[in-house]
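Colleague: This is query_6.csv (CSV, C-alpha atoms).
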```csv
chain,number,residue,atom,x,y,z
A,682,MET,CA,80.2,-168.1,22.7
A,683,LYS,CA,77.2,-168.2,20.3
A,684,GLU,CA,75.4,-165.6,22.3
A,685,ILE,CA,78.4,-163.2,22.2
A,686,LEU,CA,78.7,-163.6,18.4
A,687,THR,CA,75.0,-163.0,17.9
A,688,GLU,CA,75.3,-159.8,19.9
A,689,ILE,CA,78.4,-158.8,17.9
A,690,ASP,CA,76.4,-159.3,14.6
A,691,LYS,CA,73.5,-157.2,15.9
A,692,LEU,CA,75.9,-154.4,17.0
A,693,GLN,CA,77.5,-154.7,13.5
A,694,GLU,CA,74.2,-154.2,11.8
A,695,GLU,CA,73.7,-151.0,13.7
A,696,ILE,CA,77.3,-149.9,12.8
A,697,ASN,CA,76.6,-150.7,9.2
A,698,SER,CA,73.4,-148.5,9.3
A,699,PHE,CA,75.7,-145.5,9.7
A,700,ARG,CA,77.7,-146.4,6.6
A,701,PRO,CA,79.1,-145.0,4.4
A,702,LEU,CA,80.6,-142.6,6.9
A,703,PRO,CA,81.3,-139.0,6.0
A,704,ALA,CA,85.0,-138.6,5.2
A,705,GLY,CA,85.5,-136.3,8.2
A,706,THR,CA,83.9,-138.8,10.6
A,707,PHE,CA,85.9,-141.7,9.2
A,708,LYS,CA,89.1,-139.7,9.6
A,709,GLN,CA,88.3,-138.8,13.2
A,710,LEU,CA,87.4,-142.3,14.1
A,711,LYS,CA,90.6,-143.6,12.5
A,712,GLU,CA,92.7,-141.2,14.5
A,713,TYR,CA,90.8,-141.9,17.7
A,714,TYR,CA,91.6,-145.6,17.5
A,715,ARG,CA,95.1,-145.0,16.3
A,716,VAL,CA,95.8,-143.6,19.8
A,717,GLY,CA,93.7,-146.2,21.5
A,718,LEU,CA,95.2,-149.2,19.8
A,719,THR,CA,98.8,-148.0,19.9
A,720,TYR,CA,98.5,-147.2,23.6
A,721,THR,CA,96.8,-150.5,24.7
A,722,SER,CA,98.8,-152.8,22.5
A,723,ASN,CA,102.1,-151.3,23.6
A,724,ALA,CA,101.0,-151.1,27.3
A,725,ILE,CA,100.3,-154.8,27.3
A,726,GLU,CA,104.0,-155.4,26.5
A,727,GLY,CA,105.3,-153.0,29.2
A,728,ASN,CA,105.5,-149.7,27.3
A,729,SER,CA,105.3,-147.0,30.0
A,730,LEU,CA,103.6,-144.2,27.9
A,731,THR,CA,100.1,-143.3,29.2
A,732,GLU,CA,97.3,-142.9,26.7
A,733,THR,CA,97.7,-139.1,27.0
A,734,GLU,CA,101.4,-139.3,26.4
A,735,THR,CA,100.9,-141.6,23.4
A,736,LYS,CA,98.5,-139.1,22.0
A,737,ILE,CA,101.1,-136.3,22.4
A,738,VAL,CA,103.8,-138.4,20.8
A,739,LEU,CA,101.7,-139.3,17.8
A,740,GLU,CA,99.9,-136.0,17.2
A,741,ASP,CA,102.5,-133.5,18.3
A,742,GLY,CA,105.7,-135.5,17.7
A,743,ILE,CA,107.0,-134.5,21.2
A,744,THR,CA,109.1,-136.9,23.3
A,745,ILE,CA,108.1,-137.3,26.9
A,746,GLY,CA,110.7,-136.4,29.5
A,747,GLY,CA,111.9,-139.2,31.6
A,748,LYS,CA,110.5,-141.9,29.3
A,749,PRO,CA,112.7,-144.5,27.5
A,750,ILE,CA,113.4,-143.7,23.9
A,751,LYS,CA,112.3,-147.2,23.0
A,752,ASP,CA,108.8,-146.4,24.2
A,753,TYR,CA,108.7,-143.4,22.0
A,754,CYS,CA,109.9,-145.5,19.0
A,755,GLU,CA,107.3,-148.2,19.7
A,756,ALA,CA,104.6,-145.6,19.6
A,757,LEU,CA,105.7,-144.2,16.3
A,758,GLY,CA,106.3,-147.6,14.8
A,759,HIS,CA,103.0,-149.0,15.8
A,760,SER,CA,101.3,-145.9,14.4
A,761,GLU,CA,102.9,-146.5,11.0
A,762,ALA,CA,101.9,-150.2,11.1
A,763,TYR,CA,98.4,-149.1,11.9
A,764,ASP,CA,98.2,-147.0,8.7
A,765,TYR,CA,99.4,-150.1,6.8
A,766,ILE,CA,96.6,-152.3,8.0
A,767,TYR,CA,94.1,-149.7,6.8
A,768,LYS,CA,95.8,-149.8,3.4
A,769,LEU,CA,95.6,-153.6,3.4
A,770,ALA,CA,92.0,-153.5,4.6
A,771,LYS,CA,90.9,-152.6,1.0
A,772,ASP,CA,92.2,-156.1,-0.1
A,773,LYS,CA,91.1,-159.6,0.7
A,774,GLY,CA,93.4,-161.7,2.8
A,775,PHE,CA,97.1,-161.1,3.6
A,776,SER,CA,100.4,-162.5,2.6
A,777,GLU,CA,103.6,-163.6,4.4
A,778,ASP,CA,105.2,-160.4,3.1
A,779,ASP,CA,102.4,-158.3,4.6
A,780,ILE,CA,103.2,-159.7,8.1
A,781,LYS,CA,106.9,-159.0,7.6
A,782,LYS,CA,106.0,-155.4,6.5
A,783,LEU,CA,103.9,-154.9,9.7
A,784,HIS,CA,106.9,-156.0,11.8
A,785,LYS,CA,109.3,-153.8,9.8
A,786,LEU,CA,107.2,-150.7,10.2
A,787,PHE,CA,106.8,-151.3,13.9
A,788,TYR,CA,110.4,-152.3,14.7
A,789,LEU,CA,112.5,-150.3,12.3
A,790,ARG,CA,113.4,-147.5,14.8
A,791,ILE,CA,114.3,-150.1,17.4
A,792,ASN,CA,116.4,-152.4,15.4
A,793,GLY,CA,116.7,-151.8,11.6
A,794,VAL,CA,118.7,-154.9,11.0
A,795,LYS,CA,116.1,-157.3,12.5
A,796,ALA,CA,113.0,-155.3,11.5
A,797,GLY,CA,110.8,-157.4,9.1
A,798,LYS,CA,113.2,-160.4,9.3
A,799,TYR,CA,112.5,-163.8,10.9
A,800,ARG,CA,114.5,-164.5,14.0
A,801,LYS,CA,117.7,-166.5,13.8
A,802,GLU,CA,117.9,-167.1,17.5
A,803,LYS,CA,116.0,-168.9,20.2
A,804,VAL,CA,113.5,-166.9,22.2
A,805,PHE,CA,111.5,-167.6,25.3
A,806,VAL,CA,108.2,-166.3,26.7
A,807,SER,CA,108.4,-165.8,30.5
A,808,GLY,CA,105.6,-167.5,32.4
A,809,SER,CA,104.8,-170.0,29.6
A,810,LYS,CA,105.4,-173.7,29.9
A,811,TYR,CA,105.3,-174.1,26.2
A,812,PRO,CA,108.6,-173.8,24.3
A,813,LEU,CA,108.6,-171.8,21.1
A,814,PRO,CA,109.7,-173.3,17.7
A,815,SER,CA,113.4,-173.2,16.9
A,816,PRO,CA,114.5,-170.5,14.5
A,817,GLU,CA,115.2,-173.1,11.8
A,818,LYS,CA,111.5,-174.0,11.7
A,819,VAL,CA,110.1,-170.5,11.6
A,820,SER,CA,110.1,-170.0,7.8
A,821,GLU,CA,108.4,-173.3,7.2
A,822,LEU,CA,105.8,-172.8,9.9
A,823,MET,CA,104.9,-169.3,8.5
A,824,GLN,CA,104.4,-170.8,5.1
A,825,GLU,CA,102.1,-173.5,6.6
A,826,PHE,CA,100.3,-170.8,8.5
A,827,ILE,CA,99.6,-168.8,5.3
A,828,GLY,CA,98.6,-172.1,3.6
A,829,LYS,CA,96.0,-173.1,6.1
A,830,ILE,CA,94.5,-169.7,6.9
A,831,LYS,CA,91.9,-169.9,4.2
A,832,ASP,CA,90.4,-173.0,5.6
A,833,ILE,CA,90.3,-171.4,9.1
A,834,GLU,CA,88.5,-168.4,7.5
A,835,LYS,CA,85.8,-170.6,6.0
A,836,LYS,CA,85.2,-172.5,9.2
A,837,TYR,CA,84.8,-169.8,11.7
A,838,HIS,CA,82.9,-166.5,12.4
A,839,PRO,CA,85.1,-163.6,11.3
A,840,VAL,CA,85.8,-162.5,14.9
A,841,GLU,CA,86.9,-166.1,15.8
A,842,TYR,CA,88.9,-166.3,12.7
A,843,SER,CA,90.8,-163.1,13.6
A,844,ALA,CA,91.5,-164.6,17.1
A,845,ILE,CA,92.8,-167.8,15.7
A,846,ALA,CA,95.1,-166.0,13.3
A,847,HIS,CA,96.4,-164.0,16.2
A,848,LYS,CA,97.0,-167.1,18.3
A,849,GLU,CA,98.7,-169.0,15.5
A,850,LEU,CA,101.1,-166.2,14.7
A,851,VAL,CA,102.1,-165.7,18.4
A,852,PHE,CA,102.7,-169.5,18.8
A,853,ILE,CA,105.2,-169.4,15.9
A,854,HIS,CA,106.8,-166.2,17.3
A,855,PRO,CA,108.5,-165.5,14.0
A,856,PHE,CA,110.3,-162.3,15.1
A,857,VAL,CA,112.9,-161.6,17.8
A,858,ASP,CA,110.5,-159.1,19.4
A,859,GLY,CA,107.2,-157.4,18.7
A,860,ASN,CA,105.3,-160.6,18.0
A,861,GLY,CA,102.3,-159.7,20.2
A,862,ARG,CA,102.0,-156.3,18.6
A,863,VAL,CA,102.2,-157.8,15.1
A,864,ALA,CA,99.6,-160.5,16.0
A,865,ARG,CA,97.2,-157.9,17.3
A,866,LEU,CA,97.7,-155.8,14.2
A,867,LEU,CA,97.1,-158.9,12.0
A,868,MET,CA,93.9,-159.7,14.0
A,869,ASN,CA,92.7,-156.1,13.5
A,870,LEU,CA,93.5,-156.2,9.8
A,871,ILE,CA,91.3,-159.3,9.5
A,872,LEU,CA,88.5,-157.5,11.4
A,873,LEU,CA,88.7,-154.5,9.1
A,874,GLN,CA,88.7,-156.6,6.0
A,875,LYS,CA,85.6,-158.3,7.2
A,876,GLY,CA,83.9,-155.0,7.9
A,877,TYR,CA,84.2,-155.0,11.7
A,878,CYS,CA,85.8,-152.3,13.8
A,879,ILE,CA,89.1,-153.0,15.5
A,880,ALA,CA,89.2,-154.8,18.8
A,881,ILE,CA,90.9,-153.0,21.8
A,882,ILE,CA,92.3,-155.1,24.6
A,883,PRO,CA,92.6,-152.9,27.7
A,884,PRO,CA,95.9,-153.2,29.6
A,885,ILE,CA,93.8,-153.9,32.8
A,886,LEU,CA,92.9,-157.2,31.2
A,887,ARG,CA,96.5,-158.2,30.4
A,888,ARG,CA,96.5,-161.1,32.9
A,889,ASP,CA,93.2,-162.5,31.5
A,890,TYR,CA,94.5,-162.1,28.0
A,891,ILE,CA,97.8,-163.9,28.7
A,892,ASN,CA,96.1,-166.7,30.6
A,893,ALA,CA,93.6,-167.3,27.8
A,894,LEU,CA,96.4,-167.3,25.2
A,895,GLU,CA,98.4,-169.8,27.3
A,896,LYS,CA,95.4,-172.0,27.6
A,897,ALA,CA,94.9,-171.8,23.8
A,898,HIS,CA,97.9,-174.2,23.4
A,899,THR,CA,95.5,-177.0,24.2
A,900,ASP,CA,92.0,-175.4,23.7
A,901,ASP,CA,91.5,-172.0,22.2
A,902,LYS,CA,87.8,-171.6,23.1
A,903,ASP,CA,88.5,-169.2,26.0
A,904,PHE,CA,90.8,-167.1,23.8
A,905,ARG,CA,88.2,-166.9,21.0
A,906,GLY,CA,85.7,-165.8,23.7
A,907,PHE,CA,88.1,-163.2,25.1
A,908,ILE,CA,88.7,-161.6,21.7
A,909,ALA,CA,85.0,-161.7,21.0
A,910,ARG,CA,84.2,-159.8,24.2
A,911,ALA,CA,87.0,-157.3,23.3
A,912,GLU,CA,85.4,-156.8,19.9
A,913,ARG,CA,81.9,-156.4,21.4
A,914,GLU,CA,83.1,-153.7,23.9
A,915,THR,CA,84.9,-151.8,21.1
A,916,GLN,CA,81.8,-152.0,19.0
A,917,LYS,CA,79.8,-150.4,21.8
A,918,ASP,CA,82.4,-147.6,22.1
A,919,TYR,CA,82.3,-147.1,18.3
A,920,LEU,CA,78.6,-146.8,18.4
A,921,ARG,CA,78.8,-144.3,21.3
A,922,LEU,CA,81.0,-142.1,19.1
A,923,LEU,CA,78.7,-142.4,16.1
A,924,ARG,CA,75.6,-141.6,18.1
A,925,THR,CA,77.0,-138.3,19.5
```
Using structure tokens, write down the structure that the file contains.
Modeller:
Amino acid sequence: MKEILTEIDKLQEEINSFRPLPAGTFKQLKEYYRVGLTYTSNAIEGNSLTETETKIVLEDGITIGGKPIKDYCEALGHSEAYDYIYKLAKDKGFSEDDIKKLHKLFYLRINGVKAGKYRKEKVFVSGSKYPLPSPEKVSELMQEFIGKIKDIEKKYHPVEYSAIAHKELVFIHPFVDGNGRVARLLMNLILLQKGYCIAIIPPILRRDYINALEKAHTDDKDFRGFIARAERETQKDYLRLLRT
């Protein structure tokens, strides 16, 4: 783990050497990763849009024939939540309301009543042997999460910190749906606030991602390592774009 973090910090030094980025370059990179993050994060959860189709939806506003309307709504909602993390990236930290806002932006087109609201019903994660908290405990657990996040931030490398925040939010599962997407948005918000680029998790690694997250119920070392490797690979891609 230490070796990966050392490599990440070296890559980050090179990324920082290009900064400040020209406004046009920053805008192009932001749009490039808007498509990449929206596609990958949604695909992990079963969204059927390809990366090219996601790009068409986001950039041209065109629906894709034969695809579920929910998939279209998820792409648009995630794109709006993506803009919000860039807005929050200028600040330090995040609040409970910020997390609710991320969910509201993502989920509004799917269910306006439940968007941005904590769940009031039991939910289950298929394939997991760990039960999720009852809806009555969600609000209290979210307050505890926000309360302890500063201590986690001080203890860990920023990339590990982002992974732990992701894990903690998913384990609370505060919303009826969209928890994985919101957790990955939160993780990337933290990375942006710390000066890192976002971390893309390719859909092909979905099983490894889920297995590492499941194991994190008892030991999150593998999950922290998984996210660190995702960040490292995204940094390499980011540098490839900057060098061209």
Colleague: With distances taken over only C-alpha atoms, which of A:Leu702, A:Val863, A:Leu710, A:Val851 is nearest to Lys781 of chain A?
Modeller: A:Val863
Colleague: Any idea what's packed within 8 Å of Leu870 of chain A, counting only C-alpha atoms, ignoring anything in its chain fewer than 6 positions away? Could you give it as a ChimeraX atom specification?
Modeller: /A:766-767,769-770,879
Colleague: Find the spatial neighbours of segment 797-813 of chain A, counting only C-alpha atoms, within a cut-off of 6 Å - ignore same-chain residues fewer than 6 positions away - and output them as a list in words.
Modeller: Lys781, Lys782, His784, Lys785, Pro855, Phe856 and Val857 of chain A
Colleague: Taking (83.2, -154.2, 22.1) as a centre in this file's frame and 9 Å as the limit, can you find every polymer residue with an atom that close, using all atoms listed in the file, and give them as JSON, numbers by chain?
Modeller: {"A": [689, 692, 878, 879, 880, 881, 909, 910, 911, 912, 913, 914, 915, 916, 917, 918, 919]}
Colleague: Between A:Leu923, A:Ala756, A:Ile725, A:Ile853, which has the minimum distance to Val738 of chain A (counting only C-alpha atoms)?
Modeller: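 For Val738 of chain A, the nearest of the candidates is A:Ala756.
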Colleague: Which polymer residues have any atom within 12 Å of an atom of Ile891 of chain A, counting only C-alpha atoms, with same-chain residues fewer than 5 positions away left out, as a list in words?
Modeller: Ile725, Glu726, Val806, Ser807, Gly808, Ser809, Lys848, Val851, Gly861, Ile882, Pro884, Ile885, Leu886, Lys896, Ala897, His898, Asp903, Phe904, Phe907 and Ile908 of chain A
Colleague: Would you work out the distance separating atom CA of Leu757 of chain A from atom CA of Ile743 of chain A, expressed in Å to one decimal?
Modeller: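 About the pair atom CA of Leu757 of chain A and atom CA of Ile743 of chain A: they are 10.9 Å apart.
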Colleague: Atom CA of Glu761 of chain A and atom CA of Leu786 of chain A are how many Å apart?
Modeller: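 Calculated distance between atom CA of Glu761 of chain A and atom CA of Leu786 of chain A is 6.1 Å.
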